[in-house]
Amino acid sequence: MAARDPHAAEEYELFLTLFTKCQGRIQAFIRALVHDPSQADDVFQATSLVLWRSFATFRRDAEFLPWALGTARHQVLLHWRTRRRDRHVFSDDLLADLADVAEARLDVAETRLAALENCMAGLSERQRDLVRMFYGEHQPAAEIANRWGRSVHAVYKALKVMRQALYECVSRKLRDLSLPLDESAGGKPVIS
Amino acid sequence: MPATPRHQEDLFDLAADYVHGTITAADGLRLEAMLHASPEARREFVDYCMLHGQIALSTTAVGQGAPTARTLHRPDSTLPRIGRAAAMLAGLALAAAFVVLVSNTPREEPSQNPASDSYDNRQLPLVTVANLQVDGETPTPLNPTTLRPDKATALRSASGADVKVAEAAVFGVTTGDSGTLYHGSVQARLAKPDANFSVTTSNLRIVDKGTAFHVDRIDNDHVAVTVLDGEVEVQSRVRLPVCYWPFDDVDSARGSAQAFDAVGGLPATLGSAATPVAGIVGAGAVRFDNAPSAVATIGGGAGEQVGTGLFAMAEGITIEAVVASAWSGRFKDYDEIFRKEDGDARMLLSFQNDGTTHEDFSEPPVQAGPCLSFGLHLAGRGYHELDMPLDGVDGRPTLAEITDGKPHHVVATYDSYTGRKAIFIDGRKRFEHIYPVGTLVRGGGPAPAEIGNTRGTEPFTGVIDEFALYDFALTPDEVATHWRRVAAGRNYFGSEPPAPGSPRWQAITRLVEGQTMTFNQETGLPR
């Protein structure tokens, strides 16, 4: 392979710097709108590639995140469009509205993730196993049901209950952030 | 209206089914109505889905042990220490991945291109769409291809449908869950509950709904559909493009100029030498000034392998644009209108003059000289170009006529149902070549699609407007209608352009077990 152009190396470095700073939010945005983890990963990868390929045209005085989210939004719409051919998915109008909401919620995405980590400490061992199998290892519900000796419906129900509990816990912790700060904790709200 | 706890419970029940992919059609509509009706419901739904996504990113899910309680900061503060460390690790991992990624991603850098000239003739990996099963022998993997069996033949599609192709039928196996019937009959039965399969016959598509069915192309115009078990839906093709850039809405607000595909929302990012200008049709068009960065790079739509992605248009294709060209016509000067360089599965429409350098590509053979070239890879035949000489002979335009600076309607079509590969200029067919019926296009794959250039080396000179791609061949009548509309200053479709997310197929009817019905495949009407 021929030696790489030094200018191209600088471009890689700049792109990586900007991208790594924003990748958590881009990923959160996509995952809020594409629910199957492997499909969300595909959309994230496609977004990353499009961003890289079009980076030469990115105006250097502009903000990277809005530019990147514009591309991510189109990739999400494209993802749903290709699935619309054979099944019902939300209308474009609604998807656009949900994308607006997701973009607006990104400001608190990292805080929500931190709150979620706290809340997960309160899960039972069995619930943590469920998280590991379903979310970490992408095991289908049917396989988990087989392992547990339960029905698929029971696995979905367990996921539903666990998610609802985590949702309420995260919401409660975020609400706590709007309360007066606890001076004894160094001016920071403490989550337990 | 804020969601009450009861509403919220209902919403979360539906949201859970939605994220699990188990939601019914009726509940899907109910969820959609709830979200349409209430901003609060939309916020809660997004929070719920974001939570679902973030659980997968949690330390518990990714196997870093049990989480511990930690200090939580306000949204406007920096990340918590552990969160920041995790983010940094994730960032480093991503950075490492990107170094690999970008090292393997061709941009406008000829040094990374293994081709010796403007053609990259590598054979990229092809998707496997089915396994051929012959008399109990080990199944043979099958790439997109057309079967012409001299005895009844069985295959299992990648999605899990058992397909029997009758003796003397002509059947194109195009994707893992669909095929194309050119002649004779075919029967499909789902081997497992989540399998699906559809059979296309030009303008009709027969889609299983958990069923077994038989399709018989009884003559050139009629198709008989019999349902053996369950139910099928018969659909007719909506004759609109897969992608369409009218270039009326170039958005420069997000850092670089982007034009959006009016049908699917794909962005086309303009290079610095591609400038929005007043439209030939509508408000806008794009001028390409013959520099390496004169390009509109289409973001997305690529597939992982040849035969996948939005541009894998196996049955037919149309490339349509309105161009005002100032091409020099000189030897070795290439001006691309459109190109996607997936090795020898490329597709292109470009002005070329390469003498005898690539004369083997020309089908039919033509005299060396300036031409308008329409290149496709046809399965079983390889990559070839329909090189229309710009010589003024037999109704073809001269170089001076096509580069007179005035707008011209340029359309290239290939139709596997007729085998015709053709170029139309200003509403009239000017050049064509005919292949055997059923010859599939081999396209799609990982390369980015580009309007007005390829990899920075073959920039267009002039203006391109109303660029559209179709996954079927427009008929000569349709091309003539589009030209008349363009000449009258309107878009191809009359007044309104296609709406975003327009359906590609429209249901005609459903048939149930025991029913047989015959359809005219052009009109979709039952006989």
# chains A, B, ... in the order shown; residues from 1 in each chain; ligands from 1
>>> residues_around(residues="Leu372 of chain B", least_positions_apart="3", cutoff="7 Å", atoms="only C-alpha atoms", output="MDAnalysis selection string")
chainID B and resid 350:352 387:389
>>> residues_around(residues="segment 51-65 of chain A", least_positions_apart="3", cutoff="6 Å", atoms="only C-alpha atoms", output="PyMOL selection string")
(chain A and resi 48+68-69) or (chain B and resi 255-256+271)
>>> write_last_selection(atoms="N, CA, C and O atoms", output="mmCIF file, in the first residue's frame")
data_model
loop_
_atom_site.group_PDB
_atom_site.id
_atom_site.type_symbol
_atom_site.label_atom_id
_atom_site.label_comp_id
_atom_site.auth_asym_id
_atom_site.auth_seq_id
_atom_site.Cartn_x
_atom_site.Cartn_y
_atom_site.Cartn_z
ATOM 1 N N SER A 48 -21.546 6.240 11.025
ATOM 2 C CA SER A 48 -20.112 6.539 11.187
ATOM 3 C C SER A 48 -19.425 6.598 9.829
ATOM 4 O O SER A 48 -18.613 7.500 9.568
ATOM 5 N N ALA A 68 -23.564 15.693 12.794
ATOM 6 C CA ALA A 68 -23.580 14.230 12.901
ATOM 7 C C ALA A 68 -25.002 13.718 13.148
ATOM 8 O O ALA A 68 -25.413 12.706 12.578
ATOM 9 N N LEU A 69 -25.756 14.435 13.981
ATOM 10 C CA LEU A 69 -27.118 13.980 14.271
ATOM 11 C C LEU A 69 -28.016 14.094 13.034
ATOM 12 O O LEU A 69 -28.946 13.309 12.871
ATOM 13 N N GLY B 255 -23.052 22.276 8.518
ATOM 14 C CA GLY B 255 -21.614 22.155 8.360
ATOM 15 C C GLY B 255 -21.179 21.894 6.941
ATOM 16 O O GLY B 255 -20.123 22.306 6.531
ATOM 17 N N SER B 256 -21.954 21.140 6.178
ATOM 18 C CA SER B 256 -21.637 20.953 4.769
ATOM 19 C C SER B 256 -22.952 20.892 4.019
ATOM 20 O O SER B 256 -23.983 20.559 4.577
ATOM 21 N N GLY B 271 -19.516 18.052 -2.460
ATOM 22 C CA GLY B 271 -18.129 18.462 -2.313
ATOM 23 C C GLY B 271 -17.993 19.956 -2.595
ATOM 24 O O GLY B 271 -18.930 20.602 -3.085
#
>>> closest_residue(among="B:Asp216, B:Glu496, B:Asp465, B:Asp162", to="Val286 of chain B", atoms="only C-alpha atoms")
B:Asp465
>>> select_by_dssp(residues="segment 47-186 of chain A", states="alpha helix (DSSP H)", output="PyMOL selection string")
chain A and resi 47-53+64-84+92-105+109-120+125-131+141-148+152-176
>>> write_last_selection(atoms="C-alpha atoms", output="mmCIF file, in the first residue's frame")
data_model
loop_
_atom_site.group_PDB
_atom_site.id
_atom_site.type_symbol
_atom_site.label_atom_id
_atom_site.label_comp_id
_atom_site.auth_asym_id
_atom_site.auth_seq_id
_atom_site.Cartn_x
_atom_site.Cartn_y
_atom_site.Cartn_z
ATOM 1 C CA THR A 47 -23.784 6.665 10.221
ATOM 2 C CA SER A 48 -20.112 6.539 11.187
ATOM 3 C CA LEU A 49 -19.133 5.608 7.651
ATOM 4 C CA VAL A 50 -21.230 8.348 6.081
ATOM 5 C CA LEU A 51 -19.784 10.885 8.500
ATOM 6 C CA TRP A 52 -16.264 9.820 7.667
ATOM 7 C CA ARG A 53 -16.849 9.747 3.938
ATOM 8 C CA PHE A 64 -19.912 18.581 14.861
ATOM 9 C CA LEU A 65 -22.774 17.114 16.902
ATOM 10 C CA PRO A 66 -25.690 18.769 15.024
ATOM 11 C CA TRP A 67 -24.068 17.807 11.723
ATOM 12 C CA ALA A 68 -23.580 14.230 12.901
ATOM 13 C CA LEU A 69 -27.118 13.980 14.271
ATOM 14 C CA GLY A 70 -28.503 15.178 10.931
ATOM 15 C CA THR A 71 -26.790 12.232 9.265
ATOM 16 C CA ALA A 72 -27.870 9.826 12.032
ATOM 17 C CA ARG A 73 -31.470 10.983 11.644
ATOM 18 C CA HIS A 74 -31.431 10.208 7.933
ATOM 19 C CA GLN A 75 -29.881 6.825 8.532
ATOM 20 C CA VAL A 76 -32.615 6.019 11.053
ATOM 21 C CA LEU A 77 -35.342 7.111 8.630
ATOM 22 C CA LEU A 78 -33.723 5.039 5.905
ATOM 23 C CA HIS A 79 -33.583 2.038 8.240
ATOM 24 C CA TRP A 80 -37.313 2.266 8.925
ATOM 25 C CA ARG A 81 -38.115 2.988 5.327
ATOM 26 C CA THR A 82 -36.492 -0.225 4.159
ATOM 27 C CA ARG A 83 -38.573 -2.121 6.730
ATOM 28 C CA ARG A 84 -41.777 -0.372 5.745
ATOM 29 C CA ASP A 92 -42.403 9.470 8.690
ATOM 30 C CA ASP A 93 -44.085 12.368 10.481
ATOM 31 C CA LEU A 94 -44.149 10.493 13.754
ATOM 32 C CA LEU A 95 -40.599 9.219 13.306
ATOM 33 C CA ALA A 96 -39.480 12.805 12.689
ATOM 34 C CA ASP A 97 -41.284 13.936 15.865
ATOM 35 C CA LEU A 98 -39.674 11.149 17.879
ATOM 36 C CA ALA A 99 -36.269 12.047 16.427
ATOM 37 C CA ASP A 100 -36.833 15.653 17.564
ATOM 38 C CA VAL A 101 -37.663 14.445 21.065
ATOM 39 C CA ALA A 102 -34.664 12.111 21.138
ATOM 40 C CA GLU A 103 -32.348 14.913 20.013
ATOM 41 C CA ALA A 104 -33.705 17.207 22.714
ATOM 42 C CA ARG A 105 -33.277 14.470 25.380
ATOM 43 C CA ALA A 109 -28.526 11.066 28.148
ATOM 44 C CA GLU A 110 -25.219 10.704 29.968
ATOM 45 C CA THR A 111 -26.793 11.613 33.284
ATOM 46 C CA ARG A 112 -29.525 9.085 32.629
ATOM 47 C CA LEU A 113 -26.919 6.419 31.912
ATOM 48 C CA ALA A 114 -25.157 7.185 35.190
ATOM 49 C CA ALA A 115 -28.495 7.042 37.022
ATOM 50 C CA LEU A 116 -29.274 3.768 35.298
ATOM 51 C CA GLU A 117 -26.004 2.252 36.489
ATOM 52 C CA ASN A 118 -26.952 3.243 40.025
ATOM 53 C CA CYS A 119 -30.419 1.796 39.681
ATOM 54 C CA MET A 120 -29.091 -1.492 38.346
ATOM 55 C CA GLU A 125 -29.325 -11.535 40.845
ATOM 56 C CA ARG A 126 -31.872 -13.138 38.515
ATOM 57 C CA GLN A 127 -32.664 -9.763 36.939
ATOM 58 C CA ARG A 128 -28.964 -9.096 36.395
ATOM 59 C CA ASP A 129 -28.693 -12.505 34.717
ATOM 60 C CA LEU A 130 -31.578 -11.505 32.499
ATOM 61 C CA VAL A 131 -29.828 -8.231 31.552
ATOM 62 C CA ALA A 141 -36.197 -14.685 24.639
ATOM 63 C CA ALA A 142 -36.998 -18.255 23.552
ATOM 64 C CA GLU A 143 -33.516 -19.426 24.505
ATOM 65 C CA ILE A 144 -33.697 -17.757 27.907
ATOM 66 C CA ALA A 145 -37.142 -19.281 28.421
ATOM 67 C CA ASN A 146 -35.711 -22.686 27.635
ATOM 68 C CA ARG A 147 -32.868 -22.179 30.085
ATOM 69 C CA TRP A 148 -35.214 -20.979 32.807
ATOM 70 C CA VAL A 152 -41.352 -16.992 26.321
ATOM 71 C CA HIS A 153 -44.221 -14.854 27.554
ATOM 72 C CA ALA A 154 -42.829 -15.087 31.104
ATOM 73 C CA VAL A 155 -39.428 -13.869 29.892
ATOM 74 C CA TYR A 156 -40.959 -10.898 28.098
ATOM 75 C CA LYS A 157 -43.013 -10.150 31.206
ATOM 76 C CA ALA A 158 -39.872 -10.244 33.384
ATOM 77 C CA LEU A 159 -38.131 -7.850 30.994
ATOM 78 C CA LYS A 160 -41.140 -5.549 31.053
ATOM 79 C CA VAL A 161 -41.291 -5.485 34.870
ATOM 80 C CA MET A 162 -37.557 -4.928 35.194
ATOM 81 C CA ARG A 163 -37.551 -2.078 32.650
ATOM 82 C CA GLN A 164 -40.509 -0.397 34.315
ATOM 83 C CA ALA A 165 -38.739 -0.542 37.692
ATOM 84 C CA LEU A 166 -35.568 0.902 36.188
ATOM 85 C CA TYR A 167 -37.533 3.627 34.411
ATOM 86 C CA GLU A 168 -39.170 4.702 37.665
ATOM 87 C CA CYS A 169 -35.859 4.541 39.540
ATOM 88 C CA VAL A 170 -34.049 6.634 36.905
ATOM 89 C CA SER A 171 -36.880 9.179 36.824
ATOM 90 C CA ARG A 172 -36.810 9.434 40.622
ATOM 91 C CA LYS A 173 -33.064 9.980 40.694
ATOM 92 C CA LEU A 174 -33.241 12.641 38.005
ATOM 93 C CA ARG A 175 -36.026 14.373 39.921
ATOM 94 C CA ASP A 176 -33.738 14.355 42.964
#
>>> residues_around(residues="segment 448-453 of chain B", least_positions_apart="5", cutoff="7 Å", atoms="only C-alpha atoms", output="list of chain:residue names")
B:Phe288, B:Ala294, B:Val295, B:Ala296, B:Thr297, B:Ile298, B:Ala302, B:Asp335, B:Glu336, B:Ile337, B:Phe338, B:Arg339, B:Lys340, B:Glu458, B:Pro459, B:Phe460
>>> residues_around(residues="segment 26-34 of chain A", least_positions_apart="5", cutoff="6 Å", atoms="only C-alpha atoms", output="PyMOL selection string")
(chain A and resi 40+102) or (chain B and resi 46+49-50+53)
>>> write_last_selection(atoms="N, CA and C atoms", output="PDB file, in the first residue's frame")
ATOM      1  N   ALA A  40     -29.503  -1.489  15.532  1.00  0.00           N
ATOM      2  CA  ALA A  40     -29.019  -0.175  15.975  1.00  0.00           C
ATOM      3  C   ALA A  40     -27.516  -0.066  15.712  1.00  0.00           C
ATOM      4  N   ALA A 102     -35.904  12.804  20.767  1.00  0.00           N
ATOM      5  CA  ALA A 102     -34.664  12.111  21.138  1.00  0.00           C
ATOM      6  C   ALA A 102     -33.488  13.080  21.129  1.00  0.00           C
TER       7      ALA A 102
ATOM      8  N   VAL B  46     -39.867   7.924  24.149  1.00  0.00           N
ATOM      9  CA  VAL B  46     -38.443   8.060  23.794  1.00  0.00           C
ATOM     10  C   VAL B  46     -37.568   7.741  25.003  1.00  0.00           C
ATOM     11  N   CYS B  49     -37.512   4.014  25.378  1.00  0.00           N
ATOM     12  CA  CYS B  49     -36.677   3.375  24.356  1.00  0.00           C
ATOM     13  C   CYS B  49     -35.199   3.664  24.600  1.00  0.00           C
ATOM     14  N   MET B  50     -34.913   4.882  25.082  1.00  0.00           N
ATOM     15  CA  MET B  50     -33.526   5.237  25.370  1.00  0.00           C
ATOM     16  C   MET B  50     -33.015   4.382  26.528  1.00  0.00           C
ATOM     17  N   GLY B  53     -32.176   1.056  25.215  1.00  0.00           N
ATOM     18  CA  GLY B  53     -30.885   1.081  24.526  1.00  0.00           C
ATOM     19  C   GLY B  53     -29.726   1.189  25.496  1.00  0.00           C
TER      20      GLY B  53
END
>>> residues_around(residues="segment 398-410 of chain B", least_positions_apart="2", cutoff="6 Å", atoms="only C-alpha atoms", output="ChimeraX atom specification")
/B:320-326,390-392,424-426
>>> atom_distance(atom1="atom CA of Asp354 of chain B", atom2="atom CA of His384 of chain B")
14.5 Å
>>> closest_residue(among="A:Arg132, A:Val89, A:His138, A:Asp42", to="chain B", atoms="only C-alpha atoms")
A:Arg132
>>> select_by_dssp(residues="segment 106-219 of chain B", states="strand (DSSP E)", output="JSON, numbers by chain")
{"B": [130, 131, 132, 133, 140, 141, 142, 145, 146, 147, 153, 154, 155, 156, 157, 161, 162, 163, 164, 165, 170, 171, 172, 173, 174, 175, 178, 179, 180, 181, 182, 183, 184, 185, 186, 187, 188, 189, 190, 198, 199, 200, 201, 204, 205, 206, 207, 208, 212, 213, 214, 215, 216, 217]}
>>> closest_residue(among="B:Glu363, B:Asp471, B:Glu304, B:Glu137", to="chain A", atoms="only C-alpha atoms")
B:Glu304
